[in-house]
Amino acid sequence: MPLLFKSLNHGDVAFGFFNIETDMILLNNYFFFACDISDHIIELASNTSDESCTMDWNVYILEENRIGNLMGAITGVDLCGFIGEVYGHFPFPYKPEEFKQHTEGYANRELVEDIVKRYASMTKINVVTDLIDKTVKIGDYIFDKHGFQELLTYLWVGGYPRWMDGIQPDYIIRMKECVENSTHPLLGFKL
């Protein structure tokens, strides 16, 4: 489930997994895959430069009226919009103990990507690390160092409800190792 995280310029913004059967993440109206984010973070962690940098991330930016109603989709009463259509394929589990983020969610990427392409085209956004201000700007959203690290911690733990059986996917484990061993000023912390 997406949780609220504090941005410097938009207040609290939603970030997280929205369906346990996919590794797609949302950041308000930006949709992208956790495995891609992990690759970008690994790239950032390997950057030993003392300068700020800009990276391009591929995202789907959905208009608000095309996103859908997460709570309606979870309850099965509103399967409109992108999120509703995903829940049409992957309904919310009936048993509370089955509500865990699936480690193999990346296996459904092709289907989820086919669905999201009906709602938006892939777009490149700039992700800018500012080492003077110690901020990360993800498209329109700016996070301080602590806020950015909270986003990465969310990915590590599998958000809410956590990874199934407490086991992270390989790409998340690689990201953790790179983050913890990095000398980058915005990284180098324990997940």
# chains A, B, ... in the order shown; residues from 1 in each chain; ligands from 1
>>> residues_around(residues="A:Glu21", least_positions_apart="5", cutoff="8 Å", atoms="only C-alpha atoms", output="PDB file with all heavy atoms, in the first residue's frame")
ATOM      1  N   PHE A  90      -5.738  -8.888 -10.593  1.00  0.00           N
ATOM      2  CA  PHE A  90      -5.126  -9.334  -9.333  1.00  0.00           C
ATOM      3  C   PHE A  90      -5.926  -8.786  -8.152  1.00  0.00           C
ATOM      4  O   PHE A  90      -5.534  -7.795  -7.540  1.00  0.00           O
ATOM      5  CB  PHE A  90      -3.672  -8.861  -9.234  1.00  0.00           C
ATOM      6  CG  PHE A  90      -2.825  -9.227 -10.423  1.00  0.00           C
ATOM      7  CD1 PHE A  90      -2.354  -8.235 -11.278  1.00  0.00           C
ATOM      8  CD2 PHE A  90      -2.506 -10.550 -10.694  1.00  0.00           C
ATOM      9  CE1 PHE A  90      -1.574  -8.553 -12.374  1.00  0.00           C
ATOM     10  CE2 PHE A  90      -1.723 -10.876 -11.788  1.00  0.00           C
ATOM     11  CZ  PHE A  90      -1.253  -9.880 -12.635  1.00  0.00           C
ATOM     12  N   GLN A 101       3.500  -8.399   0.023  1.00  0.00           N
ATOM     13  CA  GLN A 101       4.048  -8.035  -1.285  1.00  0.00           C
ATOM     14  C   GLN A 101       4.771  -9.239  -1.878  1.00  0.00           C
ATOM     15  O   GLN A 101       5.647  -9.815  -1.244  1.00  0.00           O
ATOM     16  CB  GLN A 101       5.007  -6.843  -1.147  1.00  0.00           C
ATOM     17  CG  GLN A 101       5.391  -6.209  -2.454  1.00  0.00           C
ATOM     18  CD  GLN A 101       4.204  -5.580  -3.165  1.00  0.00           C
ATOM     19  OE1 GLN A 101       3.321  -4.995  -2.541  1.00  0.00           O
ATOM     20  NE2 GLN A 101       4.178  -5.701  -4.483  1.00  0.00           N
ATOM     21  N   HIS A 102       4.388  -9.632  -3.071  1.00  0.00           N
ATOM     22  CA  HIS A 102       4.958 -10.816  -3.705  1.00  0.00           C
ATOM     23  C   HIS A 102       6.350 -10.523  -4.264  1.00  0.00           C
ATOM     24  O   HIS A 102       6.535  -9.566  -5.011  1.00  0.00           O
ATOM     25  CB  HIS A 102       4.053 -11.328  -4.817  1.00  0.00           C
ATOM     26  CG  HIS A 102       2.784 -11.933  -4.304  1.00  0.00           C
ATOM     27  ND1 HIS A 102       2.032 -12.796  -5.038  1.00  0.00           N
ATOM     28  CD2 HIS A 102       2.139 -11.812  -3.108  1.00  0.00           C
ATOM     29  CE1 HIS A 102       0.975 -13.174  -4.338  1.00  0.00           C
ATOM     30  NE2 HIS A 102       1.026 -12.569  -3.168  1.00  0.00           N
ATOM     31  N   GLU A 104       7.869 -12.118  -6.488  1.00  0.00           N
ATOM     32  CA  GLU A 104       7.912 -12.330  -7.935  1.00  0.00           C
ATOM     33  C   GLU A 104       6.999 -11.363  -8.688  1.00  0.00           C
ATOM     34  O   GLU A 104       6.627 -11.632  -9.827  1.00  0.00           O
ATOM     35  CB  GLU A 104       7.500 -13.769  -8.296  1.00  0.00           C
ATOM     36  CG  GLU A 104       8.273 -14.846  -7.592  1.00  0.00           C
ATOM     37  CD  GLU A 104       7.695 -15.154  -6.199  1.00  0.00           C
ATOM     38  OE1 GLU A 104       6.508 -14.883  -5.961  1.00  0.00           O
ATOM     39  OE2 GLU A 104       8.452 -15.632  -5.349  1.00  0.00           O
ATOM     40  N   GLY A 105       6.650 -10.247  -8.085  1.00  0.00           N
ATOM     41  CA  GLY A 105       5.770  -9.286  -8.749  1.00  0.00           C
ATOM     42  C   GLY A 105       6.294  -8.814 -10.091  1.00  0.00           C
ATOM     43  O   GLY A 105       5.526  -8.479 -10.993  1.00  0.00           O
ATOM     44  N   ASN A 108       4.902 -10.142 -13.493  1.00  0.00           N
ATOM     45  CA  ASN A 108       3.672  -9.620 -14.097  1.00  0.00           C
ATOM     46  C   ASN A 108       3.890  -8.296 -14.820  1.00  0.00           C
ATOM     47  O   ASN A 108       2.934  -7.631 -15.203  1.00  0.00           O
ATOM     48  CB  ASN A 108       2.596  -9.472 -13.019  1.00  0.00           C
ATOM     49  CG  ASN A 108       2.196 -10.807 -12.454  1.00  0.00           C
ATOM     50  OD1 ASN A 108       2.065 -11.787 -13.181  1.00  0.00           O
ATOM     51  ND2 ASN A 108       2.021 -10.868 -11.141  1.00  0.00           N
TER      52      ASN A 108
END
>>> residues_around(residues="A:Val128", least_positions_apart="3", cutoff="12 Å", atoms="only C-alpha atoms", output="list in words")
His40, Leu44, Glu51, Ser52, Cys53, Thr54, Met55, Asp56, Trp57, Ile125, Leu131, Ile132, Asp133, Lys134, Thr135, Val136, Lys137, Ile138, Gly139, Asp140, Tyr141, Ile142, Phe143, Asp144, Phe148 and Leu186 of chain A
>>> write_last_selection(atoms="C-alpha atoms", output="JSON list (two decimals), in the first residue's frame")
[["chain", "number", "residue", "atom", "x", "y", "z"],
["A", 40, "HIS", "CA", 18.91, 3.67, -10.84],
["A", 44, "LEU", "CA", 23.68, 6.51, -8.11],
["A", 51, "GLU", "CA", 29.14, 16.92, -7.92],
["A", 52, "SER", "CA", 25.40, 16.88, -8.29],
["A", 53, "CYS", "CA", 24.09, 14.72, -11.10],
["A", 54, "THR", "CA", 21.05, 14.28, -13.29],
["A", 55, "MET", "CA", 19.62, 10.94, -14.37],
["A", 56, "ASP", "CA", 16.71, 10.13, -16.65],
["A", 57, "TRP", "CA", 14.05, 7.76, -15.36],
["A", 125, "ILE", "CA", 11.73, 12.61, -16.06],
["A", 131, "LEU", "CA", 24.78, 17.65, -3.08],
["A", 132, "ILE", "CA", 24.87, 21.23, -1.80],
["A", 133, "ASP", "CA", 21.28, 21.20, -0.53],
["A", 134, "LYS", "CA", 21.36, 17.41, 0.03],
["A", 135, "THR", "CA", 18.14, 16.89, -1.91],
["A", 136, "VAL", "CA", 16.82, 14.58, -4.59],
["A", 137, "LYS", "CA", 14.33, 15.90, -7.12],
["A", 138, "ILE", "CA", 12.30, 13.12, -8.74],
["A", 139, "GLY", "CA", 10.50, 14.89, -11.56],
["A", 140, "ASP", "CA", 8.36, 17.49, -9.79],
["A", 141, "TYR", "CA", 8.90, 16.13, -6.27],
["A", 142, "ILE", "CA", 11.80, 17.20, -4.04],
["A", 143, "PHE", "CA", 12.93, 15.18, -1.02],
["A", 144, "ASP", "CA", 15.57, 16.00, 1.54],
["A", 148, "PHE", "CA", 14.78, 10.13, 0.08],
["A", 186, "LEU", "CA", 22.89, 10.88, -0.02]]
>>> select_by_dssp(residues="stretch 8-158 of chain A", states="strand (DSSP E or B)", output="PyMOL selection string")
chain A and resi 12-17+24-27+30-33+53-61+101+122-130+135-138+141-144
>>> closest_atom_pairs(of="stretch 3-100 of chain A", to="stretch 115-123 of chain A", cutoff="12 Å", atoms="only C-alpha atoms", output="CSV")
residue,atom,partner,partner_atom,distance
A:Met24,CA,A:Val116,CA,10.3
A:Leu26,CA,A:Val116,CA,11.9
A:Asn29,CA,A:Ala120,CA,10.7
A:Tyr30,CA,A:Thr123,CA,9.7
A:Phe31,CA,A:Val116,CA,8.6
A:Phe32,CA,A:Met122,CA,9.3
A:Phe33,CA,A:Val116,CA,11.6
A:Asp56,CA,A:Thr123,CA,9.6
A:Trp57,CA,A:Thr123,CA,8.2
A:Asn58,CA,A:Thr123,CA,5.6
A:Val59,CA,A:Thr123,CA,5.3
A:Tyr60,CA,A:Met122,CA,4.8
A:Ile61,CA,A:Ala120,CA,6.3
A:Leu62,CA,A:Ala120,CA,5.7
A:Glu63,CA,A:Ala120,CA,8.1
A:Glu64,CA,A:Tyr119,CA,10.6
A:Asn65,CA,A:Tyr119,CA,10.0
A:Arg66,CA,A:Tyr119,CA,6.4
A:Ile67,CA,A:Tyr119,CA,8.0
A:Gly68,CA,A:Tyr119,CA,10.4
A:Cys80,CA,A:Tyr119,CA,11.3
A:Gly81,CA,A:Tyr119,CA,7.8
A:Phe82,CA,A:Val116,CA,6.2
A:Ile83,CA,A:Val116,CA,8.8
A:Gly84,CA,A:Ile115,CA,10.4
A:Glu85,CA,A:Ile115,CA,7.4
A:Val86,CA,A:Ile115,CA,7.4
A:Tyr87,CA,A:Ile115,CA,11.1
A:Gly88,CA,A:Ile115,CA,11.0
A:His89,CA,A:Ile115,CA,10.3
>>> select_by_dssp(residues="stretch 29-119 of chain A", states="alpha helix (DSSP H)", output="number ranges by chain")
A: 34-45, 64-67, 70-75, 81-89, 109-116
>>> write_last_selection(atoms="C-alpha atoms", output="PDB file, in the first residue's frame")
ATOM      1  CA  ALA A  34      10.700  -1.080  -8.409  1.00  0.00           C
ATOM      2  CA  CYS A  35      13.298  -3.106 -10.305  1.00  0.00           C
ATOM      3  CA  ASP A  36      14.028  -0.049 -12.476  1.00  0.00           C
ATOM      4  CA  ILE A  37      14.284   2.203  -9.413  1.00  0.00           C
ATOM      5  CA  SER A  38      16.705  -0.273  -7.863  1.00  0.00           C
ATOM      6  CA  ASP A  39      18.897  -0.149 -10.969  1.00  0.00           C
ATOM      7  CA  HIS A  40      18.908   3.668 -10.837  1.00  0.00           C
ATOM      8  CA  ILE A  41      19.818   3.660  -7.149  1.00  0.00           C
ATOM      9  CA  ILE A  42      22.643   1.196  -7.821  1.00  0.00           C
ATOM     10  CA  GLU A  43      23.904   3.571 -10.526  1.00  0.00           C
ATOM     11  CA  LEU A  44      23.677   6.506  -8.111  1.00  0.00           C
ATOM     12  CA  ALA A  45      25.477   4.530  -5.395  1.00  0.00           C
ATOM     13  CA  GLU A  64      -5.654  11.998 -11.927  1.00  0.00           C
ATOM     14  CA  ASN A  65      -8.936  10.935 -13.549  1.00  0.00           C
ATOM     15  CA  ARG A  66      -7.168   7.985 -15.231  1.00  0.00           C
ATOM     16  CA  ILE A  67      -5.476   6.567 -12.117  1.00  0.00           C
ATOM     17  CA  LEU A  70      -7.371   2.456  -4.872  1.00  0.00           C
ATOM     18  CA  MET A  71      -9.811   1.815  -2.010  1.00  0.00           C
ATOM     19  CA  GLY A  72     -12.619   1.063  -4.462  1.00  0.00           C
ATOM     20  CA  ALA A  73     -10.362  -1.356  -6.333  1.00  0.00           C
ATOM     21  CA  ILE A  74      -9.265  -3.066  -3.096  1.00  0.00           C
ATOM     22  CA  THR A  75     -12.892  -3.653  -2.104  1.00  0.00           C
ATOM     23  CA  GLY A  81      -9.006   3.485 -14.261  1.00  0.00           C
ATOM     24  CA  PHE A  82      -5.537   1.987 -14.301  1.00  0.00           C
ATOM     25  CA  ILE A  83      -5.477   0.775 -10.707  1.00  0.00           C
ATOM     26  CA  GLY A  84      -8.962  -0.697 -11.028  1.00  0.00           C
ATOM     27  CA  GLU A  85      -7.970  -2.603 -14.147  1.00  0.00           C
ATOM     28  CA  VAL A  86      -4.899  -4.028 -12.380  1.00  0.00           C
ATOM     29  CA  TYR A  87      -7.125  -5.168  -9.494  1.00  0.00           C
ATOM     30  CA  GLY A  88      -9.436  -6.780 -12.059  1.00  0.00           C
ATOM     31  CA  HIS A  89      -6.529  -9.110 -12.866  1.00  0.00           C
ATOM     32  CA  ARG A 109       5.441  -6.629 -15.589  1.00  0.00           C
ATOM     33  CA  GLU A 110       4.449  -7.309 -19.193  1.00  0.00           C
ATOM     34  CA  LEU A 111       0.745  -7.473 -18.346  1.00  0.00           C
ATOM     35  CA  VAL A 112       0.853  -4.423 -16.056  1.00  0.00           C
ATOM     36  CA  GLU A 113       2.838  -2.459 -18.635  1.00  0.00           C
ATOM     37  CA  ASP A 114       0.304  -3.358 -21.349  1.00  0.00           C
ATOM     38  CA  ILE A 115      -2.440  -2.024 -19.077  1.00  0.00           C
ATOM     39  CA  VAL A 116      -0.675   1.223 -18.098  1.00  0.00           C
TER      40      VAL A 116
END
>>> residues_around(residues="A:Asn28", least_positions_apart="6", cutoff="8 Å", atoms="only C-alpha atoms", output="PyMOL selection string")
chain A and resi 13-15
>>> write_last_selection(atoms="all heavy atoms", output="JSON list (two decimals), in the first residue's frame")
[["chain", "number", "residue", "atom", "x", "y", "z"],
["A", 13, "VAL", "N", 3.20, 13.21, 0.08],
["A", 13, "VAL", "CA", 2.88, 12.59, -1.21],
["A", 13, "VAL", "C", 2.84, 11.08, -1.03],
["A", 13, "VAL", "O", 3.58, 10.51, -0.23],
["A", 13, "VAL", "CB", 3.89, 12.97, -2.31],
["A", 13, "VAL", "CG1", 3.82, 14.45, -2.63],
["A", 13, "VAL", "CG2", 5.31, 12.59, -1.93],
["A", 14, "ALA", "N", 1.96, 10.44, -1.78],
["A", 14, "ALA", "CA", 1.83, 8.99, -1.73],
["A", 14, "ALA", "C", 2.98, 8.34, -2.50],
["A", 14, "ALA", "O", 3.34, 8.78, -3.60],
["A", 14, "ALA", "CB", 0.50, 8.56, -2.34],
["A", 15, "PHE", "N", 3.54, 7.29, -1.90],
["A", 15, "PHE", "CA", 4.60, 6.53, -2.55],
["A", 15, "PHE", "C", 4.44, 5.08, -2.14],
["A", 15, "PHE", "O", 4.25, 4.78, -0.96],
["A", 15, "PHE", "CB", 5.98, 7.03, -2.11],
["A", 15, "PHE", "CG", 7.13, 6.19, -2.64],
["A", 15, "PHE", "CD1", 7.60, 6.38, -3.93],
["A", 15, "PHE", "CD2", 7.72, 5.23, -1.85],
["A", 15, "PHE", "CE1", 8.64, 5.61, -4.43],
["A", 15, "PHE", "CE2", 8.78, 4.46, -2.32],
["A", 15, "PHE", "CZ", 9.24, 4.64, -3.62]]
>>> residues_around(residues="A:Thr48", least_positions_apart="5", cutoff="9 Å", atoms="only C-alpha atoms", output="list in words")
Ser182, Thr183 and His184 of chain A
>>> closest_residue(among="A:Pro91, A:Gly166, A:Gly147, A:Gly76", to="A:Leu8", atoms="only C-alpha atoms")
A:Gly147
>>> atom_distance(atom1="atom CA of A:Thr153", atom2="atom CA of A:Lys124")
24.1 Å
>>> closest_residue(among="A:Tyr154, A:Phe5, A:Tyr171, A:Tyr106", to="A:Ile20", atoms="only C-alpha atoms")
A:Tyr106
>>> atom_distance(atom1="atom CA of A:Thr103", atom2="atom CA of A:Pro169")
5.2 Å
